[in-house]
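Enquirer: Below is one structure. I have some questions about it.
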Amino acid sequence: MTAEDKRLLASRKREENWQRWGPYLSERQWGTVREDYSEGGDATWSYFPHDHARSRAYRWGEDGLLGISDRQCRLCFSVAVWNGRDPILKERLFGVTGPEGNHGEDVKECYYYLDSTPTHSYMKGLYKYPQSRYPYEDLVDVNKHRPLSELEYELSDTGAFDESRYFDVQAEYAKPSPNDILIRLTITNRGPVAAVVHLLPQLFYRNTWTWECTDEGCTMPPTMQLVDGVVKTHHETLDEFWYACDQPEAMGGWQWLFTDNETNQQLHPGLPSESEFSKDAFHRYVVEGEVKAVNPKQKGTKCAPYGFQKLEAGQSTVVRLRLTSKADSFITETCNSDTKHFHDQAFGESFDQGFQSRLDDANEFYAQRIPDSLSSDRRSIMRQAYAGLLWTKQFYHYSVNSWLDGDPNGVPAPEARKSGRNADWRHLFNRDVISMPDKWEYPWYAAWDLAFHMVPMAHLDNEFAKQQMILFLREWYMHPSGQIPAYEWNLGDVNPPVHAWGVWQVYKASGPAGQRDRVFLAKAFQKLLINFTWWVNRKDPRGRNIFSGGFLGLDNIGVFDRSKPLPQGHLEQADGTAWMAFYCGGMLRMAMELAEDNEAYGDMASKFFEHYVAIAEAMNSMDGTGLWDEEDGFYYDHLFVDGKSIPMRVRSLVGLLPLMTGVLLDEEEINKLPGFKRRMKWFLDNRDDLSKHMTYMECQDDDDPKKGLRLLAIPSEDRFRRLLAVMLDEDEFLSPYGIRSLSAAHRDEPYVFEFGGQKNEVHYVPGESETRMFGGNSNWRGPIWFPTNFLLIQSLKRYHAYYGDSFRVECPTGSGNRMTLMEVAQELERRLIALFEINKDGQRPIHGEDKTYAEDPNWDELVLFYEYFHADSGRGLGASHQTGWTALVASMLRSQAKLPKHLPIDNS
């Protein structure tokens, strides 16, 4: 057991609170639904824009640059810098809003997560800060006027990094003990000439006192005060912490600045504030030279040591800081609770030794998680994927009841809000650390994203993964009706039902077979029963086991905007129906596992087996009501209108998702459940017609049916082969970088459908969206998406476990190259991994045509984990730090290598 594993164990047992401090500070609190108190309730971007963020206190959270906070985001630390030319102090990340961007909102910064352990005992991040005036106006103006047919206009396109005229700002954190945080900031001038950098390492309290709310546990403003060169802090519900800064001559000595984290009422009249010293005081002091902006008494709720230095070309400066609980042994034993002694001792040999020790621990931990057999480049990709996954944890607070009604001393909530967005989710109370999709573009949870995040997370911190999966099933999250909250913009929207699958993945990673966490599985199963019932009652409009579900996370993939009602009729969805069979299969597998200890679960296994069969039968029906098209060999959505079922002949992932529904059942496990076995035998004896169109509990070994595996799957073997032939066709779905979300056959032959007097068209778009549907923020009409690729790969591995090496298909279709299904799965993994690897041209496909990453040694090892990827070139698209589900590349890399025996591996 590594030192980091021991910390995880101590944290799980609540012996030591190692995860109290971490990267829980958001990268964007401005422009979120929670901070929007506008009359219309849909002007999120304009109500609280980036330009207000420096001078206006947030209600529900905080943000900062490369920052950390405690688990409840009470006390926060972040980096602020200034190059002497910008119009504002750089305290947080900037990006264009949805209306300003030609492809939706997009962060316009260069920053990278380089390392983190699960307890955040060591962390490292990097921000690249231009030395020229930051091109805020240029980025907004160009993006706003660019058509959808053009690429986004990025920071690198403005010339901001020409001649390497920028600073590398690297932030590192190390924890010798749970409440002792060492901070090391390294700033390097990468430019060809000397340049001045101003630095303010900020410590501040999240404003929980102004609003007079009752859901924070803090009624009095906290305090910070400078005593003998050390900042002493006090908060009602947090320990007293001491904050100190080393004083190298290089920064010209430090000047301590203090203010309050409150709104500047001169700029925002009518908003609550209780102090004459406002949140934007450091900006006004440093950038505008307003000396009186800061508190001369050197106290408040926000502080920073301020210094500046002229760095020669290539020169670096290192700044050391320390934030420590007064109750920590470093103070009580080493410093005798004396501030002067603390300052003297804080930056002695123990500081650098502490950093080196935690970095050694991180290396030891990942040596056990990242196989040596991988190339050095692949190991680096894997570690950065894990780092990004861990850095995108975020404190998330949202009490819908308080948001709907407004706070006693807050901004009055518009009356229309009480019947508007999220009005039927008053029970929901979020105040937790949650894995985010992307802390800038998606600084709020998304339920179906989370399930994918927890697959790689489960092999780093299984306890956190279990807690996250259970959290969304708790009564203050899940709706009384059984619905799982989708995401902040519309909690009642419908995401694909992947939570059961996610629970199963995390359970399998909780230990070797026979030693896994059955209590976790049982808790999740009971709540998932409620959610499954919600799906059945709400999303099967004709009671035929053919499901609708709305957009189901696939945004603009279809002919219509599936999140909105149709003018007439309803859509019967191949993906919605496949997702429900997938849900049934997951619940069946869990019920059989739990039945080994409790026979009552055997009846639930029978229930989900029969429900799966009913869905498969309905989907495969040949009476004109099913979703299979025999001529095309594909599944399609159907529009049911005026008593007719009209196929929507779009060749998309919608028709491939039935592939992922296969369920493997072990005959030995079936034999342990006599009730389930009897019910299954009845179906086999009396419904042999089902085997014509689906794979219906076929035996792996006909000579000895008491052994081996049984396979339950929506497509029959013949249909399975026909679907694979389409999926593995390079003129259709198979891209150099994985499986496309829409067939390339629609490149020259778009699908056109006239309905309701309108002409609707879907054509292959391998890159950014060319439609404003869903804000133009993502595109499922061609690009590569990791979550669906991962599910298809898992499915192929299950099929291979059943069929074995004798079952072979052409890959690519028409190539004459025949592969087993395992080899096909591995080939798809290889293509997806290739997105991040250096190719023969010295480029990583994710970086597109940006030569800087290939030619500059200060960029060449930096990897970004995008939301999705251009299906033809591999260029990264959408949110640039969506390490949540794109961290699945780490799981793919693990499956490509020989793994340590002690790690539980199960790709089923």
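By order in the structure tokens, chains are A, B, ...; within a chain, residues start at 1; ligands start at 1, following the order shown.
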Near Asp280 of chain A, within 10 Å and counting only C-alpha atoms, which residues show up once chain neighbours fewer than 4 positions away are dropped, as number ranges by chain?
Expert: A: 52-57, 88-89, 259-264, 284-285, 293-294
Enquirer: Using only C-alpha atoms, which residues sit within 7 Å of segment 21-27 of chain A once same-chain residues fewer than 3 positions away are excluded, as JSON, numbers by chain?
Expert: {"A": [62, 63, 64, 65, 67, 68, 69, 70, 71, 73, 92, 93, 120, 391, 393, 394, 395, 433, 439, 440, 443]}
Enquirer: Those selected residues, please, written with C-alpha atoms and delivered as a short mmCIF file (atom, residue, chain, number, x, y, z; two decimals), in the first residue's frame.
Expert:
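Output below, filename again29.cif:
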data_model
loop_
_atom_site.label_atom_id
_atom_site.label_comp_id
_atom_site.auth_asym_id
_atom_site.auth_seq_id
_atom_site.Cartn_x
_atom_site.Cartn_y
_atom_site.Cartn_z
CA GLU A 62 -16.64 31.50 -5.95
CA ASP A 63 -14.09 31.32 -8.74
CA GLY A 64 -10.40 31.90 -9.24
CA LEU A 65 -7.28 31.05 -11.20
CA GLY A 67 -7.23 27.86 -6.98
CA ILE A 68 -8.11 25.67 -4.03
CA SER A 69 -10.61 25.81 -1.18
CA ASP A 70 -11.89 23.75 1.71
CA ARG A 71 -14.64 21.25 1.00
CA CYS A 73 -15.64 26.58 -0.17
CA ARG A 92 -10.10 34.47 -13.26
CA LEU A 93 -10.44 32.89 -16.67
CA HIS A 120 -4.73 16.39 -3.40
CA TRP A 391 -8.75 18.92 -10.75
CA LYS A 393 -13.84 18.43 -8.66
CA GLN A 394 -15.80 21.50 -7.59
CA PHE A 395 -17.79 22.74 -4.63
CA VAL A 433 -17.95 18.56 -3.87
CA LYS A 439 -15.08 23.86 -14.49
CA TRP A 440 -15.25 26.71 -16.97
CA PRO A 443 -19.26 24.55 -13.93
#
Enquirer: Which residues are close to segment 516-532 of chain A, i.e. within 8 Å by only C-alpha atoms, leaving aside same-chain residues fewer than 4 positions away? Reply as a list in words.
Expert: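 With the cut-off at 8 Å, the set is Lys466, Met469, Ile470, Leu473, Arg474, Ser481, Gly482, Gln483, Ile484, Ala500, Val503, Trp504, Tyr507, Lys508, Ala509, Ser510, Gly511, Pro512, Val536, Tyr583, Met587, Met590, Ala591 and Leu594 of chain A.
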Enquirer: Given the selection you just returned, output its residues as a file containing N, CA and C atoms, formatted as a PDB file, in the first residue's frame.
Expert:
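Produced file part-v8.pdb, reproduced below:
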ATOM      1  N   LYS A 466     -17.907   5.976  -5.325  1.00  0.00           N
ATOM      2  CA  LYS A 466     -19.144   5.432  -4.742  1.00  0.00           C
ATOM      3  C   LYS A 466     -20.002   6.547  -4.158  1.00  0.00           C
ATOM      4  N   MET A 469     -21.844   8.458  -6.943  1.00  0.00           N
ATOM      5  CA  MET A 469     -22.961   7.733  -7.546  1.00  0.00           C
ATOM      6  C   MET A 469     -24.159   7.678  -6.603  1.00  0.00           C
ATOM      7  N   ILE A 470     -23.904   7.515  -5.326  1.00  0.00           N
ATOM      8  CA  ILE A 470     -24.995   7.480  -4.341  1.00  0.00           C
ATOM      9  C   ILE A 470     -25.624   8.864  -4.161  1.00  0.00           C
ATOM     10  N   LEU A 473     -28.667   9.856  -5.962  1.00  0.00           N
ATOM     11  CA  LEU A 473     -29.841   9.054  -5.651  1.00  0.00           C
ATOM     12  C   LEU A 473     -30.424   9.409  -4.291  1.00  0.00           C
ATOM     13  N   ARG A 474     -29.772  10.352  -3.596  1.00  0.00           N
ATOM     14  CA  ARG A 474     -30.274  10.753  -2.287  1.00  0.00           C
ATOM     15  C   ARG A 474     -31.530  11.589  -2.425  1.00  0.00           C
ATOM     16  N   SER A 481     -40.577  12.075  -7.680  1.00  0.00           N
ATOM     17  CA  SER A 481     -41.123  11.218  -8.734  1.00  0.00           C
ATOM     18  C   SER A 481     -40.156  10.114  -9.137  1.00  0.00           C
ATOM     19  N   GLY A 482     -38.889  10.266  -8.761  1.00  0.00           N
ATOM     20  CA  GLY A 482     -37.875   9.285  -9.133  1.00  0.00           C
ATOM     21  C   GLY A 482     -36.895   9.779 -10.175  1.00  0.00           C
ATOM     22  N   GLN A 483     -37.070  10.987 -10.706  1.00  0.00           N
ATOM     23  CA  GLN A 483     -36.161  11.496 -11.721  1.00  0.00           C
ATOM     24  C   GLN A 483     -34.854  11.953 -11.083  1.00  0.00           C
ATOM     25  N   ILE A 484     -33.738  11.669 -11.755  1.00  0.00           N
ATOM     26  CA  ILE A 484     -32.430  12.145 -11.330  1.00  0.00           C
ATOM     27  C   ILE A 484     -32.214  13.527 -11.943  1.00  0.00           C
ATOM     28  N   ALA A 500     -27.199   3.327 -13.584  1.00  0.00           N
ATOM     29  CA  ALA A 500     -27.059   1.935 -13.145  1.00  0.00           C
ATOM     30  C   ALA A 500     -25.767   1.337 -13.687  1.00  0.00           C
ATOM     31  N   VAL A 503     -22.913   2.716 -11.628  1.00  0.00           N
ATOM     32  CA  VAL A 503     -22.857   2.052 -10.323  1.00  0.00           C
ATOM     33  C   VAL A 503     -22.177   0.695 -10.458  1.00  0.00           C
ATOM     34  N   TRP A 504     -22.536  -0.058 -11.500  1.00  0.00           N
ATOM     35  CA  TRP A 504     -21.951  -1.382 -11.704  1.00  0.00           C
ATOM     36  C   TRP A 504     -20.448  -1.293 -11.966  1.00  0.00           C
ATOM     37  N   TYR A 507     -18.782  -0.483  -8.682  1.00  0.00           N
ATOM     38  CA  TYR A 507     -18.843  -1.664  -7.812  1.00  0.00           C
ATOM     39  C   TYR A 507     -17.767  -2.677  -8.185  1.00  0.00           C
ATOM     40  N   LYS A 508     -17.618  -2.948  -9.480  1.00  0.00           N
ATOM     41  CA  LYS A 508     -16.627  -3.934  -9.911  1.00  0.00           C
ATOM     42  C   LYS A 508     -15.206  -3.494  -9.565  1.00  0.00           C
ATOM     43  N   ALA A 509     -14.974  -2.198  -9.509  1.00  0.00           N
ATOM     44  CA  ALA A 509     -13.640  -1.693  -9.175  1.00  0.00           C
ATOM     45  C   ALA A 509     -13.425  -1.597  -7.668  1.00  0.00           C
ATOM     46  N   SER A 510     -14.446  -1.952  -6.872  1.00  0.00           N
ATOM     47  CA  SER A 510     -14.333  -1.797  -5.417  1.00  0.00           C
ATOM     48  C   SER A 510     -13.541  -2.928  -4.769  1.00  0.00           C
ATOM     49  N   GLY A 511     -13.160  -3.952  -5.535  1.00  0.00           N
ATOM     50  CA  GLY A 511     -12.371  -5.042  -4.988  1.00  0.00           C
ATOM     51  C   GLY A 511     -12.436  -6.252  -5.893  1.00  0.00           C
ATOM     52  N   PRO A 512     -11.664  -7.275  -5.599  1.00  0.00           N
ATOM     53  CA  PRO A 512     -11.745  -8.505  -6.392  1.00  0.00           C
ATOM     54  C   PRO A 512     -13.079  -9.206  -6.152  1.00  0.00           C
ATOM     55  N   VAL A 536     -40.238   4.240 -16.938  1.00  0.00           N
ATOM     56  CA  VAL A 536     -41.297   3.431 -17.540  1.00  0.00           C
ATOM     57  C   VAL A 536     -42.608   4.194 -17.576  1.00  0.00           C
ATOM     58  N   TYR A 583     -30.506  -0.181 -19.466  1.00  0.00           N
ATOM     59  CA  TYR A 583     -30.852  -0.004 -18.051  1.00  0.00           C
ATOM     60  C   TYR A 583     -31.328  -1.336 -17.461  1.00  0.00           C
ATOM     61  N   MET A 587     -29.636  -3.497 -14.359  1.00  0.00           N
ATOM     62  CA  MET A 587     -30.388  -3.858 -13.153  1.00  0.00           C
ATOM     63  C   MET A 587     -30.470  -5.382 -12.993  1.00  0.00           C
ATOM     64  N   MET A 590     -27.145  -6.499 -11.581  1.00  0.00           N
ATOM     65  CA  MET A 590     -27.022  -6.148 -10.161  1.00  0.00           C
ATOM     66  C   MET A 590     -27.895  -7.050  -9.299  1.00  0.00           C
ATOM     67  N   ALA A 591     -29.131  -7.312  -9.762  1.00  0.00           N
ATOM     68  CA  ALA A 591     -30.040  -8.146  -8.984  1.00  0.00           C
ATOM     69  C   ALA A 591     -29.470  -9.552  -8.811  1.00  0.00           C
ATOM     70  N   LEU A 594     -26.705  -9.412  -6.195  1.00  0.00           N
ATOM     71  CA  LEU A 594     -27.215  -9.246  -4.833  1.00  0.00           C
ATOM     72  C   LEU A 594     -27.965 -10.487  -4.362  1.00  0.00           C
TER      73      LEU A 594
END
Enquirer: Near Pro674 of chain A, counting only C-alpha atoms, which residues have an atom at most 12 Å away, once you skip same-chain residues fewer than 5 positions from it, shown as a short mmCIF file (atom, residue, chain, number, x, y, z; two decimals) with N, CA and C atoms, in the first residue's frame?
Expert:
data_model
loop_
_atom_site.label_atom_id
_atom_site.label_comp_id
_atom_site.auth_asym_id
_atom_site.auth_seq_id
_atom_site.Cartn_x
_atom_site.Cartn_y
_atom_site.Cartn_z
N MET A 592 -28.88 -10.10 -9.86
CA MET A 592 -28.30 -11.43 -9.75
C MET A 592 -27.11 -11.45 -8.80
N ALA A 595 -28.54 -11.26 -5.31
CA ALA A 595 -29.30 -12.46 -4.94
C ALA A 595 -28.41 -13.54 -4.36
N GLU A 596 -27.10 -13.44 -4.57
CA GLU A 596 -26.21 -14.44 -3.99
C GLU A 596 -26.25 -14.41 -2.47
N GLU A 599 -31.98 -13.99 -1.35
CA GLU A 599 -32.77 -14.59 -2.42
C GLU A 599 -33.93 -13.71 -2.88
N ALA A 600 -34.29 -12.70 -2.06
CA ALA A 600 -35.37 -11.80 -2.48
C ALA A 600 -35.04 -11.08 -3.78
N TYR A 601 -33.75 -10.88 -4.02
CA TYR A 601 -33.36 -10.19 -5.25
C TYR A 601 -33.55 -11.07 -6.49
N GLY A 602 -33.74 -12.38 -6.29
CA GLY A 602 -33.98 -13.26 -7.42
C GLY A 602 -35.22 -12.88 -8.19
N ASP A 603 -36.27 -12.48 -7.47
CA ASP A 603 -37.50 -12.05 -8.14
C ASP A 603 -37.27 -10.78 -8.95
N ALA A 605 -34.48 -10.00 -10.37
CA ALA A 605 -33.75 -10.44 -11.56
C ALA A 605 -34.73 -10.92 -12.62
N SER A 606 -35.73 -11.69 -12.22
CA SER A 606 -36.75 -12.16 -13.17
C SER A 606 -37.50 -10.99 -13.78
N GLU A 667 -23.86 -19.32 -16.44
CA GLU A 667 -24.77 -20.43 -16.14
C GLU A 667 -24.67 -20.87 -14.69
N GLU A 668 -23.48 -20.82 -14.14
CA GLU A 668 -23.31 -21.22 -12.75
C GLU A 668 -24.06 -20.28 -11.82
N GLU A 669 -24.08 -18.98 -12.14
CA GLU A 669 -24.83 -18.03 -11.32
C GLU A 669 -26.32 -18.28 -11.46
N ARG A 679 -38.21 -19.35 -14.24
CA ARG A 679 -38.88 -18.35 -15.08
C ARG A 679 -38.18 -18.23 -16.45
N MET A 680 -36.87 -18.26 -16.43
CA MET A 680 -36.13 -18.19 -17.68
C MET A 680 -36.45 -19.41 -18.55
N LYS A 681 -36.52 -20.61 -17.93
CA LYS A 681 -36.80 -21.83 -18.69
C LYS A 681 -38.18 -21.76 -19.32
#
Enquirer: Which residues are close to segment 194-200 of chain A, i.e. within 6 Å by only C-alpha atoms, leaving aside same-chain residues fewer than 3 positions away? Reply as a PyMOL selection string.
Expert: chain A and resi 80-83+304-313
Enquirer: Keeping C-alpha atoms for every residue in the selection just given, could you write it to a file as a short mmCIF file (atom, residue, chain, number, x, y, z; two decimals), in the first residue's frame?
Expert:
data_model
loop_
_atom_site.label_atom_id
_atom_site.label_comp_id
_atom_site.auth_asym_id
_atom_site.auth_seq_id
_atom_site.Cartn_x
_atom_site.Cartn_y
_atom_site.Cartn_z
CA ALA A 80 -3.89 36.88 -9.54
CA VAL A 81 -1.36 38.36 -11.97
CA TRP A 82 -0.93 41.52 -14.03
CA ASN A 83 1.40 42.25 -16.93
CA ALA A 304 -3.04 39.21 -0.70
CA PRO A 305 0.67 39.91 -0.50
CA TYR A 306 1.49 42.11 -3.49
CA GLY A 307 4.84 42.26 -5.26
CA PHE A 308 6.30 42.69 -8.71
CA GLN A 309 9.53 41.79 -10.47
CA LYS A 310 11.32 42.38 -13.71
CA LEU A 311 12.25 39.00 -15.17
CA GLU A 312 14.95 38.71 -17.79
CA ALA A 313 14.36 36.51 -20.82
#
Enquirer: Rounded to one decimal, what separation in Å do you get between atom CA of Arg146 of chain A and atom CA of Gln29 of chain A?
Expert: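 Separation of atom CA of Arg146 of chain A and atom CA of Gln29 of chain A: 26.4 Å.
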Enquirer: Using only C-alpha atoms, pick whichever of A:Gly804, A:Gly874, A:Pro565, A:Gly410 has the shortest atom-to-atom distance to Gly708 of chain A.
Expert: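 Looking at the shortest contact to Gly708 of chain A, the residue is A:Gly804.
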Enquirer: Can you list, as a list of chain:residue names, every protein, DNA or RNA residue that comes within 10 Å of Asp352 of chain A when you count only C-alpha atoms, leaving out same-chain residues fewer than 3 positions away?
Expert: A:Ala174, A:Leu182, A:Arg184, A:Arg320, A:Phe347, A:Gly348, A:Glu349, A:Phe355, A:Gln356, A:Ser357
